[in-house]
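First up is the structure itself, then whatever we jot down about it.
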Amino acid sequence: MTADAARVALSAWASIVGDDPVITAMPNVTNPVWRIEVCDQPALVLKQLPEYPAGVEPVVEYRVLSHLQGSGVSVALPIVTDTGQIVASIGDLAWSLLPHLPHQTENHELGPDAGETTFLIGAAIGHLSQALADYPYGVASFVDDPVKVLDEALPQLPDEVIRLARPYAGRLVEVCGGLPIQLTHGDCNDGNVLINSKGRVSFIDIDHLPVGPRVRDLAYYLTSRLRRHLGSPQTAMLTTCALITAVPSYVAGYRRVQQLSEQEIAAIVPLMLVAEIGGAHWSLYGWEPNLANYRRSKASIEWLIARLDELTVSIQARQ
């Protein structure tokens, strides 16, 4: 997707961006994303929209985001077009213009201020969870059932992962089944949770919105953070000590806002493992198979299995 296509899409917001905005491609996972700069205005983000899950069209997402913003959760609410539309449709593509939410790129979750940062992020995810639970209207999205993910994903993975995880499958099903469910973010990974230099935590890409275990978003975030640590030569050697110390702090922050039952606390690490099994499956069979991502997921699965009980005890001891 070229800058020319982005410029054509921006014509839907001509009254805001004018005739000659500065357009810079941003890193993205699947859909093109552009940073838009206009003189004397805060930066904006132009995003080519993905194919939404059934039941989560742009208007549904907009309503949920409006509710979250009204509840004090920091989100990027789409800017309506000059004709009053939530998105701009150009040919077969749909585009959204959003405020740019500042994000510090340095990793502060393993450094000297790690405890404060991890607690803040945990509390923010708890606040998001609470606000989603209070959303007053129905969302006809999919059900995020960790037991189903495990049943469907594990048998299709390479034997090296099946041999690792199969002895724990029964335990994972028992612990992860029957958890309280509600509306969730659904893709609460560390790329979609932003923290600025003042410690304000924001959320982006809230376009999945499944119903599932309320603690799933927290576990999913922790899984993505673990995978990033293990994949970095600078942090891999620190991961064991740092993560076992940090994870209880995330959970404590979450619980400052949203109380968890003993069942949910005991399920956090198993949910991390289920999420990583699902991640390994997606890396091999998703939209764009990626062997490097599969290897990172496999490393996370090995790490979690080796410390399943130790990490769970560490969480329970902090509560």
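Chain labels A, B, ... are given in the sequence in which chains occur in the structure tokens; within each chain residues are numbered consecutively from 1, and ligands are likewise numbered from 1 in the order shown.
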Problem - Contacts of stretch 267-276 of chain A at 9 Å (only C-alpha atoms; same-chain gap of 3+ positions) as a ChimeraX atom specification - result: /A:146-147,149-150,165,171-172,175-176,179,215-216,218-224,227,251,262-264,279-281,297-298,300-301,304-305,308-309,311-312,315
Practice task
Kindly indicate which residue among A:Leu291, A:Cys39, A:Val247, A:Leu49 lies nearest to A:Leu93, using only C-alpha atoms for the distances.
Solution key: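 Using only C-alpha atoms, the shortest distance to A:Leu93 belongs to A:Leu49.
The gap separating atom CA of A:Leu98 from atom CA of A:Ile16 is 11.7 Å, in Å to one decimal.
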Problem - Non-local contacts of A:Ala140 (9 Å; only C-alpha atoms; under 5 positions in same chain excluded) as a ChimeraX atom specification - result: /A:54-56,209-211
Kindly save the residues from that selection, with N, CA, C and O atoms included, as a compact mmCIF listing (two decimals), in the first residue's frame.
```txt
# COMPACT_ATOMS: atom_id res chain seq x y z
N ALA A 54 -17.26 -11.12 12.70
CA ALA A 54 -18.71 -10.97 12.58
C ALA A 54 -19.29 -10.41 13.87
O ALA A 54 -18.96 -10.87 14.97
N GLY A 55 -20.10 -9.39 13.76
CA GLY A 55 -20.72 -8.78 14.94
C GLY A 55 -19.97 -7.57 15.46
O GLY A 55 -20.47 -6.88 16.36
N VAL A 56 -18.79 -7.30 14.92
CA VAL A 56 -18.02 -6.13 15.38
C VAL A 56 -17.70 -5.26 14.15
O VAL A 56 -16.61 -5.26 13.62
N LEU A 209 -13.15 -7.81 20.44
CA LEU A 209 -14.29 -7.74 21.36
C LEU A 209 -15.04 -9.06 21.54
O LEU A 209 -16.27 -9.12 21.42
N PRO A 210 -14.34 -10.14 21.84
CA PRO A 210 -15.05 -11.39 22.13
C PRO A 210 -15.56 -11.41 23.57
O PRO A 210 -15.16 -10.59 24.40
N VAL A 211 -16.40 -12.35 23.84
CA VAL A 211 -16.78 -12.67 25.22
C VAL A 211 -15.89 -13.82 25.66
O VAL A 211 -15.75 -14.82 24.96
```
Exercise for the section: Would you mind telling me which residue in A:Ser129, A:Thr117, A:Gln259, A:Thr83 lies nearest to A:Ser197 when using only C-alpha atoms? Expected result: A:Thr117
Can you build me a table of stretch 42-136 of chain A residues sitting at most 12 Å from stretch 188-193 of chain A, with the closest atom pair per residue and its distance in Å to one decimal, using only C-alpha atoms, sorted by chain and residue number, as a tab-separated table?
```
residue	atom	partner	partner_atom	distance
A:Val73	CA	A:Val193	CA	11.7
A:Ser74	CA	A:Val193	CA	10.1
A:Val75	CA	A:Val193	CA	9.8
A:Ala76	CA	A:Asn192	CA	11.2
A:Leu101	CA	A:Val193	CA	10.4
A:Pro102	CA	A:Val193	CA	11.0
A:His103	CA	A:Val193	CA	9.0
A:Gln104	CA	A:Val193	CA	11.1
A:Thr105	CA	A:Gly191	CA	10.5
A:Asn107	CA	A:Asp190	CA	11.0
A:Glu109	CA	A:Asp190	CA	11.1
A:Thr118	CA	A:Asp190	CA	11.9
A:Leu120	CA	A:Val193	CA	11.5
A:Ile121	CA	A:Val193	CA	8.2
A:Gly122	CA	A:Val193	CA	10.6
A:Ala124	CA	A:Val193	CA	9.3
A:Ile125	CA	A:Cys188	CA	8.6
A:Gly126	CA	A:Cys188	CA	11.8
A:Leu128	CA	A:Cys188	CA	10.3
A:Ser129	CA	A:Cys188	CA	10.8
```
Handout entry: For A:Val161, the nearest of the candidates A:Phe119, A:Trp95, A:Tyr294, A:Trp34, counting only C-alpha atoms
Key =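 Of A:Phe119, A:Trp95, A:Tyr294, A:Trp34, the one nearest A:Val161 is A:Tyr294, counting only C-alpha atoms.
Closest approach to A:Asp82 among A:Leu164, A:Leu183, A:Leu97, A:Leu284: A:Leu97, based on only C-alpha atoms.
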Exercise for the section: Write out as a VMD selection string all residues of stretch 236-303 of chain A that backbone DSSP assigns to alpha helix (DSSP H). Expected result: chain A and resid 239 to 257 262 to 285 291 to 303
Practice task
Determine the nearest neighbour of A:Leu230 from the options A:Ala299, A:Ile206, A:Ala131, A:Ile162, counting only C-alpha atoms.
Solution key: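 For A:Leu230, the nearest of the candidates is A:Ala299.
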Handout entry: One-decimal distance in Å that lies between atom CA of A:Val87 and atom CA of A:Ala14
Key =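 So the answer is 13.7 Å.
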Problem - Secondary structure check, strand (DSSP E or B) residues of stretch 25-165 of chain A, as a VMD selection string - result: chain A and resid 25 to 26 33 to 37 44 to 48 74 to 75 88 to 90 93 to 99 143
Problem - Which residue of A:Ser283, A:Arg63, A:Gly278, A:Pro32 approaches A:Pro136 most closely, using only C-alpha atoms - result: A:Arg63
Exercise for the section: Tell me which protein, DNA and RNA residues are within 10 Å of A:Leu44, counting only C-alpha atoms, leaving out same-chain ones fewer than 2 positions away, and put them as JSON, numbers by chain. Expected result: {"A": [17, 23, 34, 35, 36, 37, 38, 41, 42, 46, 47, 76, 79, 97, 98, 99, 100, 101]}
